[in-house]
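Everything below belongs to query_30.csv, which stores CSV, C-alpha atoms and all ligand atoms.
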```
chain,number,residue,atom,x,y,z
A,1,MET,CA,0.0,0.0,0.0
A,2,MET,CA,1.4,3.3,-1.0
A,3,ILE,CA,0.4,6.2,1.3
A,4,ILE,CA,-0.5,9.3,-0.7
A,5,LEU,CA,-0.3,12.5,1.3
A,6,GLU,CA,-3.6,13.9,0.2
A,7,GLN,CA,-5.4,10.8,1.2
A,8,MET,CA,-4.1,10.4,4.7
A,9,GLU,CA,-6.6,11.0,7.4
A,10,SER,CA,-4.1,12.1,10.0
A,11,SER,CA,-0.4,12.6,10.2
A,12,LEU,CA,1.7,9.5,9.7
A,13,LEU,CA,4.2,8.5,12.4
A,14,THR,CA,7.3,6.8,11.0
A,15,PHE,CA,11.0,6.3,11.9
A,16,ASN,CA,14.6,6.2,10.7
A,17,CYS,CA,15.5,3.0,9.0
A,18,SER,CA,18.9,1.2,9.3
A,19,LEU,CA,21.0,0.8,6.2
A,20,ASN,CA,22.7,-2.3,7.5
A,21,THR,CA,20.6,-4.6,5.3
A,22,PRO,CA,19.3,-2.4,2.5
A,23,LYS,CA,17.6,-5.4,0.9
A,24,ASN,CA,15.1,-5.5,3.7
A,25,LEU,CA,13.9,-1.9,2.9
A,26,ALA,CA,12.3,-2.9,-0.4
A,27,THR,CA,9.4,-4.4,1.5
A,28,ILE,CA,8.5,-1.2,3.3
A,29,THR,CA,5.9,0.7,1.4
A,30,ALA,CA,5.4,3.5,3.9
A,31,PRO,CA,7.6,6.7,4.1
A,32,TYR,CA,10.7,6.6,6.3
A,33,GLN,CA,14.0,8.4,6.6
A,34,ILE,CA,17.5,7.1,6.1
A,35,LEU,CA,20.7,8.8,7.2
A,36,ALA,CA,22.9,8.2,4.1
A,37,THR,CA,26.5,9.0,3.5
A,38,PRO,CA,27.8,10.2,0.2
A,39,LYS,CA,28.9,6.6,-0.4
A,40,THR,CA,25.6,4.8,0.3
A,41,LYS,CA,24.7,2.6,-2.6
A,42,PRO,CA,21.2,2.8,-4.1
A,43,PHE,CA,18.7,0.2,-3.1
A,44,GLU,CA,15.1,-0.6,-3.9
A,45,ALA,CA,12.7,1.6,-1.9
A,46,ASN,CA,9.6,3.8,-2.3
A,47,SER,CA,9.2,7.4,-3.6
A,48,GLN,CA,8.5,8.9,-0.2
A,49,VAL,CA,11.7,7.9,1.4
A,50,LEU,CA,13.5,10.9,2.8
A,51,ILE,CA,17.3,10.9,2.4
A,52,HIS,CA,18.9,12.8,5.3
A,53,VAL,CA,22.2,14.0,4.1
A,54,TYR,CA,25.1,13.2,6.4
A,55,TYR,CA,26.6,15.9,8.6
A,56,THR,CA,29.8,15.9,6.7
A,57,THR,CA,28.1,17.7,3.8
A,58,ARG,CA,28.6,21.3,4.9
A,59,VAL,CA,26.6,23.1,2.2
A,60,PHE,CA,27.2,26.5,4.0
A,61,SER,CA,30.9,26.2,4.4
A,62,ASP,CA,33.2,28.8,2.8
A,63,ASP,CA,34.4,26.8,-0.1
A,64,ALA,CA,31.2,24.9,-0.9
A,65,ILE,CA,30.4,27.4,-3.7
A,66,GLU,CA,33.7,26.6,-5.6
A,67,PRO,CA,33.2,24.9,-8.9
A,68,ARG,CA,34.7,21.5,-7.9
A,69,SER,CA,34.1,21.6,-4.2
A,70,TYR,CA,33.7,18.4,-2.2
A,71,VAL,CA,30.2,19.5,-1.3
A,72,ARG,CA,29.1,19.7,-4.9
A,73,ASN,CA,30.6,16.3,-5.4
A,74,TYR,CA,28.7,14.9,-2.4
A,75,LEU,CA,25.5,16.4,-3.6
A,76,GLN,CA,26.0,14.8,-7.0
A,77,ASN,CA,26.4,11.5,-5.2
A,78,TYR,CA,23.2,12.1,-3.2
A,79,ARG,CA,21.5,13.0,-6.5
A,80,GLU,CA,22.5,9.6,-7.9
A,81,LEU,CA,21.4,7.8,-4.8
A,82,ALA,CA,18.0,9.5,-4.9
A,83,ILE,CA,17.5,8.6,-8.6
A,84,GLY,CA,18.5,5.0,-7.8
A,85,ILE,CA,16.1,4.8,-4.8
A,86,GLY,CA,13.3,6.4,-6.8
A,87,THR,CA,12.7,9.3,-4.5
A,88,LYS,CA,13.0,13.1,-5.0
A,89,ASN,CA,13.2,13.9,-1.3
A,90,ILE,CA,16.6,15.0,0.2
A,91,LEU,CA,17.0,16.6,3.6
A,92,ILE,CA,19.8,19.1,4.3
A,93,HIS,CA,20.5,21.1,7.4
A,94,LEU,CA,20.4,24.9,7.3
A,95,PRO,CA,23.3,26.9,8.9
A,96,ALA,CA,24.2,26.0,12.5
A,97,THR,CA,27.1,28.5,13.1
A,98,LEU,CA,27.5,32.2,12.6
A,99,ASN,CA,30.0,31.6,9.8
A,100,GLU,CA,27.6,29.3,8.0
A,101,PHE,CA,24.9,32.0,8.2
A,102,LYS,CA,27.2,34.3,6.4
A,103,ASN,CA,27.1,31.8,3.5
A,104,LEU,CA,23.4,31.3,3.5
A,105,GLY,CA,22.8,32.7,0.0
A,106,LYS,CA,25.8,30.8,-1.4
A,107,GLY,CA,24.7,27.5,0.1
A,108,ILE,CA,21.2,27.9,-1.4
A,109,LYS,CA,22.8,28.5,-4.7
A,110,VAL,CA,24.9,25.3,-4.4
A,111,MET,CA,21.8,23.3,-3.6
A,112,VAL,CA,19.9,24.9,-6.6
A,113,ASP,CA,22.9,24.1,-8.9
A,114,GLU,CA,23.3,20.5,-7.9
A,115,LEU,CA,19.8,19.4,-7.0
A,116,SER,CA,17.5,21.1,-9.3
A,117,GLY,CA,14.3,19.2,-9.9
A,118,PHE,CA,14.6,17.5,-6.5
A,119,ASN,CA,12.6,18.3,-3.3
A,120,ILE,CA,15.1,19.9,-0.9
A,121,HIS,CA,13.8,19.6,2.6
A,122,LEU,CA,15.6,22.1,4.8
A,123,GLU,CA,15.9,21.5,8.6
A,124,ILE,CA,16.9,24.1,11.1
A,125,PRO,CA,19.6,22.5,13.3
A,126,SER,CA,20.1,23.4,16.9
A,127,TRP,CA,22.5,26.4,16.8
A,128,SER,CA,26.1,26.4,17.9
A,129,ALA,CA,27.2,28.2,21.0
A,130,ASP,CA,28.8,31.0,19.0
A,131,LEU,CA,25.6,31.6,17.3
A,132,ARG,CA,23.6,31.5,20.5
A,133,LYS,CA,25.9,34.0,22.0
A,134,THR,CA,25.0,36.6,19.4
A,135,MET,CA,21.3,36.3,20.3
A,136,LYS,CA,20.1,37.4,23.6
A,137,ASN,CA,16.5,36.6,23.9
A,138,VAL,CA,13.7,34.5,22.5
A,139,ASP,CA,12.6,37.4,20.3
A,140,GLU,CA,15.9,37.3,18.4
A,141,TYR,CA,15.8,33.5,18.1
A,142,MET,CA,12.4,33.7,16.6
A,143,GLU,CA,13.3,36.4,14.2
A,144,VAL,CA,16.3,34.5,12.9
A,145,ILE,CA,14.1,31.5,12.3
A,146,GLU,CA,11.6,33.7,10.5
A,147,ARG,CA,14.3,35.4,8.5
A,148,THR,CA,15.8,32.1,7.4
A,149,LEU,CA,12.4,30.8,6.4
A,150,MET,CA,11.6,33.9,4.5
A,151,GLU,CA,14.9,33.6,2.7
A,152,ILE,CA,14.3,30.1,1.5
A,153,THR,CA,10.7,30.7,0.7
A,154,ASN,CA,11.7,34.0,-1.0
A,155,ASP,CA,9.0,36.0,0.6
A,156,GLU,CA,10.2,39.3,2.0
A,157,SER,CA,13.6,40.1,0.8
A,158,LEU,CA,13.1,40.1,-2.9
A,159,VAL,CA,10.4,42.6,-3.5
A,160,ASP,CA,11.0,43.2,-7.2
A,161,SER,CA,11.6,39.6,-8.0
A,162,SER,CA,8.6,38.6,-6.0
A,163,LEU,CA,6.4,40.7,-8.1
A,164,LYS,CA,7.8,39.3,-11.2
A,165,ILE,CA,7.4,35.8,-9.9
A,166,THR,CA,3.8,36.4,-8.9
A,167,ASN,CA,3.0,37.4,-12.5
A,168,ASP,CA,4.7,34.4,-13.8
A,169,ARG,CA,2.9,32.2,-11.4
A,170,THR,CA,-0.5,33.7,-12.3
A,171,SER,CA,0.1,32.8,-15.9
A,172,MET,CA,1.5,29.4,-15.0
A,173,LYS,CA,-1.4,28.6,-12.8
A,174,LYS,CA,-3.7,28.8,-15.7
A,175,SER,CA,-1.6,26.3,-17.7
A,176,THR,CA,-1.5,23.7,-15.0
A,177,ASP,CA,-4.1,21.8,-13.2
A,178,GLY,CA,-4.2,24.3,-10.4
A,179,SER,CA,-2.9,22.0,-7.7
A,180,LEU,CA,-3.6,22.9,-4.1
A,181,LEU,CA,0.1,23.4,-3.5
A,182,MET,CA,0.3,26.1,-6.2
A,183,LYS,CA,-2.7,27.8,-4.8
A,184,ASN,CA,-1.2,27.8,-1.3
A,185,ILE,CA,2.1,29.2,-2.4
A,186,ASP,CA,0.3,31.9,-4.4
A,187,GLU,CA,-1.9,32.9,-1.5
A,188,THR,CA,1.0,33.0,0.9
A,189,LEU,CA,3.2,35.0,-1.4
A,190,MET,CA,0.4,37.5,-2.1
A,191,LYS,CA,-0.3,37.8,1.6
A,192,ASN,CA,3.3,38.5,2.4
A,193,ILE,CA,3.7,41.0,-0.3
A,194,SER,CA,0.8,43.0,1.0
A,195,GLU,CA,1.6,42.6,4.7
A,196,ARG,CA,5.4,42.8,4.8
A,197,THR,CA,5.0,40.5,7.7
A,198,SER,CA,7.3,41.1,10.6
A,199,LEU,CA,7.6,38.8,13.5
A,200,LYS,CA,5.7,41.3,15.6
A,201,THR,CA,2.8,41.2,13.2
A,202,LEU,CA,2.9,37.4,13.3
A,203,VAL,CA,2.9,37.2,17.0
A,204,ASP,CA,0.3,39.9,17.5
A,205,SER,CA,-2.1,38.6,14.9
A,206,SER,CA,-1.7,35.0,15.7
A,207,SER,CA,-5.1,33.5,16.6
A,208,MET,CA,-3.5,30.4,18.1
A,209,LYS,CA,-4.9,29.6,21.4
A,210,ASP,CA,-2.4,30.2,24.2
A,211,THR,CA,-2.3,26.9,26.0
A,212,ASP,CA,0.7,27.5,28.3
A,213,GLU,CA,0.0,30.9,29.6
A,214,ASP,CA,2.6,30.8,32.3
A,215,SER,CA,5.6,30.3,30.1
A,216,SER,CA,4.2,32.6,27.4
A,217,MET,CA,3.8,35.4,29.8
A,218,LYS,CA,7.3,34.9,31.1
A,219,ILE,CA,8.8,34.9,27.6
A,220,THR,CA,6.7,37.9,26.5
A,221,SER,CA,8.1,40.0,29.4
A,222,GLU,CA,11.6,38.9,28.6
A,223,ARG,CA,11.0,39.9,25.0
A,224,THR,CA,9.8,43.3,25.8
A,225,SER,CA,12.5,44.1,28.3
A,226,MET,CA,15.4,43.4,26.0
A,227,LYS,CA,15.3,45.7,23.0
A,228,ASP,CA,18.8,47.1,22.9
A,229,ASN,CA,20.8,44.3,21.4
A,230,ASP,CA,23.6,44.7,18.9
A,231,GLU,CA,21.8,42.7,16.1
A,232,THR,CA,25.0,41.1,15.0
A,233,LEU,CA,23.4,38.1,13.5
A,234,MET,CA,20.5,39.9,11.9
A,235,LYS,CA,23.0,42.3,10.3
A,236,THR,CA,25.0,39.3,9.0
A,237,LEU,CA,21.9,37.7,7.6
A,238,VAL,CA,20.8,40.8,5.8
A,239,ASP,CA,24.3,41.8,4.6
A,240,SER,CA,25.5,38.5,3.3
A,241,SER,CA,22.5,36.6,2.1
A,242,SER,CA,19.4,38.5,1.0
A,243,VAL,CA,21.3,41.4,-0.3
A,244,LYS,CA,23.8,39.3,-2.1
A,245,ILE,CA,21.2,37.2,-3.8
A,246,THR,CA,19.2,40.2,-4.7
A,247,SER,CA,22.1,41.9,-6.4
A,248,GLU,CA,23.2,38.6,-8.1
A,249,ARG,CA,19.7,38.2,-9.4
A,250,THR,CA,19.4,41.8,-10.5
A,251,SER,CA,22.6,41.6,-12.4
A,252,VAL,CA,21.6,38.3,-14.0
A,253,LYS,CA,18.3,39.9,-14.9
A,254,ASN,CA,20.1,42.8,-16.6
A,255,ASP,CA,22.3,40.5,-18.6
A,256,SER,CA,21.2,39.0,-21.9
A,257,ASP,CA,21.5,35.6,-20.4
A,258,GLU,CA,18.6,35.1,-18.1
A,259,SER,CA,19.2,31.3,-17.7
A,260,SER,CA,20.5,31.2,-14.1
A,261,LEU,CA,17.7,33.5,-12.8
A,262,LYS,CA,15.2,31.3,-14.6
A,263,THR,CA,16.8,28.1,-13.2
A,264,LEU,CA,16.7,29.6,-9.7
A,265,VAL,CA,13.1,30.6,-9.9
A,266,ASP,CA,11.9,27.5,-11.7
A,267,SER,CA,13.6,25.0,-9.5
A,268,SER,CA,13.0,26.6,-6.1
A,269,LEU,CA,9.6,28.2,-6.3
A,270,MET,CA,7.4,27.3,-9.2
A,271,LYS,CA,7.2,23.6,-9.3
A,272,ASP,CA,5.4,21.3,-6.9
A,273,ASN,CA,7.8,18.5,-7.9
A,274,GLY,CA,11.0,20.2,-6.8
A,275,GLY,CA,12.1,23.2,-4.7
A,276,PHE,CA,12.5,24.0,-1.1
A,277,HIS,CA,10.5,22.6,1.8
A,278,PHE,CA,10.9,23.1,5.5
A,279,VAL,CA,11.3,20.4,8.0
A,280,PRO,CA,10.6,21.6,11.6
A,281,ASP,CA,12.4,19.5,14.2
A,282,THR,CA,10.6,20.0,17.6
A,283,ALA,CA,13.8,19.2,19.5
A,284,HIS,CA,15.9,21.7,17.5
A,285,LEU,CA,13.2,24.4,17.8
A,286,HIS,CA,13.1,23.9,21.5
A,287,ALA,CA,16.9,24.1,21.7
A,288,ASN,CA,16.8,27.4,19.7
A,289,GLY,CA,14.3,28.9,22.2
A,290,CYS,CA,10.8,28.1,20.8
A,291,ASN,CA,8.1,27.0,23.2
A,292,THR,CA,5.1,25.0,22.0
A,293,ASN,CA,3.2,28.1,21.0
A,294,ASP,CA,6.1,29.5,19.0
A,295,MET,CA,6.4,26.1,17.2
A,296,ILE,CA,2.8,26.1,16.3
A,297,ARG,CA,2.9,29.6,15.0
A,298,ILE,CA,5.9,28.7,12.8
A,299,ILE,CA,4.4,25.5,11.5
A,300,GLU,CA,1.0,27.2,10.8
A,301,LYS,CA,2.7,29.9,8.8
A,302,TYR,CA,4.8,27.5,6.7
A,303,LYS,CA,2.7,24.4,6.6
A,304,HIS,CA,2.2,24.7,2.9
A,305,LYS,CA,6.0,24.2,2.6
A,306,ILE,CA,6.1,21.3,5.1
A,307,GLN,CA,5.9,17.7,4.1
A,308,TYR,CA,7.9,16.0,6.8
A,309,ILE,CA,8.2,16.9,10.5
A,310,HIS,CA,10.9,15.6,12.9
A,311,LEU,CA,8.9,14.8,16.0
A,312,ASN,CA,11.5,14.5,18.8
A,313,GLY,CA,11.6,15.3,22.5
A,314,ASN,CA,14.6,17.1,23.9
A,315,LYS,CA,16.3,16.3,27.3
A,316,GLN,CA,18.0,19.6,27.5
A,317,ALA,CA,16.7,22.9,28.6
A,318,MET,CA,16.2,25.7,26.0
A,319,PHE,CA,19.3,27.4,24.6
A,320,ARG,CA,21.5,24.4,24.9
A,321,SER,CA,22.5,21.8,22.3
A,322,ASP,CA,19.9,19.2,21.8
A,323,ASN,CA,19.7,15.7,23.1
A,324,HIS,CA,16.9,13.7,21.6
A,325,VAL,CA,14.4,11.5,23.4
A,326,PRO,CA,11.0,10.1,22.4
A,327,ILE,CA,8.6,13.0,22.6
A,328,PHE,CA,6.5,11.2,25.3
A,329,SER,CA,9.6,10.5,27.5
A,330,VAL,CA,9.5,11.8,31.1
A,331,GLU,CA,12.9,13.4,30.3
A,332,ASN,CA,11.5,15.5,27.5
A,333,LYS,CA,11.7,19.2,28.4
A,334,ILE,CA,9.4,20.5,25.7
A,335,ASN,CA,6.6,22.2,27.5
A,336,ASN,CA,3.1,21.1,26.7
A,337,TRP,CA,4.3,18.4,24.2
A,338,GLU,CA,0.9,16.8,24.6
A,339,PHE,CA,-0.8,19.7,22.9
A,340,LEU,CA,1.9,19.9,20.3
A,341,SER,CA,1.4,16.2,19.5
A,342,GLU,CA,-2.4,16.8,19.2
A,343,TYR,CA,-1.8,19.7,16.9
A,344,ILE,CA,0.8,17.9,14.7
A,345,SER,CA,-1.3,14.7,14.4
A,346,LYS,CA,-4.0,16.7,12.6
A,347,LEU,CA,-1.7,18.3,10.0
A,348,ASN,CA,-1.7,15.4,7.4
A,349,LYS,CA,2.1,15.4,7.4
A,350,ILE,CA,4.7,12.6,7.6
A,351,CYS,CA,6.2,12.7,11.1
A,352,ILE,CA,9.6,11.0,11.7
A,353,ALA,CA,10.6,10.1,15.2
A,354,GLU,CA,14.4,10.0,14.9
A,355,ILE,CA,15.1,8.1,18.1
A,356,THR,CA,17.8,5.5,17.7
A,357,LYS,CA,19.2,4.8,21.1
A,358,GLU,CA,16.7,5.7,23.9
A,359,GLY,CA,14.9,2.7,25.2
A,360,CYS,CA,11.2,2.4,24.7
A,361,SER,CA,9.1,-0.4,23.3
A,362,TRP,CA,7.0,-0.7,20.2
A,363,LYS,CA,4.0,-0.8,22.5
A,364,ASP,CA,4.9,2.7,23.8
A,365,TRP,CA,4.8,4.0,20.2
A,366,GLU,CA,1.5,2.3,19.6
A,367,ASP,CA,0.0,3.8,22.8
A,368,TYR,CA,1.3,7.2,21.9
A,369,ALA,CA,0.0,7.0,18.3
A,370,LYS,CA,-3.4,5.9,19.5
A,371,LYS,CA,-3.7,8.5,22.2
A,372,TYR,CA,-2.8,11.4,19.9
A,373,LYS,CA,-4.4,9.9,16.8
A,374,PHE,CA,-1.3,9.4,14.6
A,375,GLU,CA,-1.4,6.7,11.9
A,376,LEU,CA,1.5,4.5,12.9
A,377,VAL,CA,3.6,2.7,10.2
A,378,LYS,CA,3.7,-1.1,10.3
A,379,ARG,CA,6.4,-2.4,12.5
A,380,HIS,CA,9.5,-3.5,10.6
A,381,LYS,CA,12.8,-4.8,11.9
A,382,ALA,CA,14.8,-2.2,10.0
A,383,MET,CA,13.0,0.6,11.8
A,384,ARG,CA,14.9,2.4,14.5
A,385,HIS,CA,12.1,2.9,16.9
A,386,GLN,CA,14.0,1.8,20.0
A,401,ZN,ZN,15.9,16.2,12.9
```
Would you give me this structure, written as structure tokens?
Ligand SMILES: [Zn+2]
Amino acid sequence: MMIILEQMESSLLTFNCSLNTPKNLATITAPYQILATPKTKPFEANSQVLIHVYYTTRVFSDDAIEPRSYVRNYLQNYRELAIGIGTKNILIHLPATLNEFKNLGKGIKVMVDELSGFNIHLEIPSWSADLRKTMKNVDEYMEVIERTLMEITNDESLVDSSLKITNDRTSMKKSTDGSLLMKNIDETLMKNISERTSLKTLVDSSSMKDTDEDSSMKITSERTSMKDNDETLMKTLVDSSSVKITSERTSVKNDSDESSLKTLVDSSLMKDNGGFHFVPDTAHLHANGCNTNDMIRIIEKYKHKIQYIHLNGNKQAMFRSDNHVPIFSVENKINNWEFLSEYISKLNKICIAEITKEGCSWKDWEDYAKKYKFELVKRHKAMRHQ
């Protein structure tokens, strides 16, 4: 049985699968994730397998953009792996350090160059200590997350291009079957163009029910009291990514050769079979300072760009590196994870519990899925659910 997204009644709960015996994986028809190295050999699988690129592929490192960089070489290997497996879904981590953030625009270009036509699922990792040091409160964390997402969804920073893209989309919409995804992207883009949404607007206008009033109130007062920060990271982001991309695009636009602008637009925004998607990881968002309400706001805003969700608990307090546990673990520090689970289970997304070592039985996952109304994948020996 192949599970088609649109037909799912509730979110699906699935796991990482081991690559120790790839032959076994052919019998799994449900979606799952693999953590593949650039040397992983293709095997028979299904089209909803998500290939999690190994951490050694530093797309946002300084030299990734070079013509024959090892990163480009690795991405070409992953491309071949995806073709062999028969999936278009590849997951890559967004910047984790301050230096990587400086290369945000370049990294996006490398991905567009090497993986055009594929679905690139971008995950925000838990940020490094040097990055955390540049941000002093939850407000800034949220804003960096927002900015990053705007960058990859091309919403705020590219006013002129956005307008052009909107026109293109309007005409393209007529020539396609008007899929729901296209409609969603159009609506979001239009909304953002008219609103110039800032984080403040988002927070103020959010109609999400506040379910953990205590922690929200605490965070709100922290946010209000700290307004005089040096904005180092924000400056970095604006200086080195948006602006750079904008000027690159403008110059390309002015040249007689419009091909790279066209490629960028075609492959990242306009096709529902290819382009950027966002993978929220609950453990990472917690590490970066988001409470359950913040996570719900972010997911609500970007859910049209979300196909997979990493559903993990985190043993650590906020603003520390993450340490995954099952979301229902007593050690999980994510506040109100019960409500978060209830919310996510209704989203019609593919949720991956990435747990590999923490002890809990299959029965625990069955109980969790039943209680929060997830559709649980069939048990399989290759699945790393315990
Ligand atoms: Zn993850």
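With distances restricted to all atoms listed in the file, A:Gln33 is the closest residue to ligand ZN 401 (chain A) from A:Thr57, A:Gln33, A:Asp364, A:Met295.
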Selected residue of minimal separation from A:Tyr343 among A:Lys315, A:Lys373, A:Lys378, A:Arg384, counting all atoms listed in the file: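 Of A:Lys315, A:Lys373, A:Lys378, A:Arg384, the one nearest A:Tyr343 is A:Lys373, counting all atoms listed in the file.
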Site check for ligand ZN 401 (chain A): residues at most 12 Å away, only C-alpha atoms and all ligand atoms, as an NGL selection string: :A and (15-16 or 33-35 or 50-55 or 91-94 or 121-126 or 278-287 or 308-314 or 322-325 or 351-356)
For atom CA of A:Ile296 and atom CA of A:Asn137, the interatomic separation in Å (one decimal):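 Separation between atom CA of A:Ile296 and atom CA of A:Asn137: 18.9 Å.
Within the 6 Å cut-off around stretch 98-102 of chain A, using all atoms listed in the file and omitting residues fewer than 2 positions from it on the same chain, the listed residues are Phe60, Ser61, Pro95, Leu104, Leu131 and Ser240 of chain A.
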Protein and nucleic acid residues near (-0.7, 8.6, 10.9) (cut-off 8 Å, all atoms listed in the file) as a count of residues only: 15
Between atom CA of A:Asn288 and atom CA of A:Ile334, distance in Å (one decimal): 11.8 Å
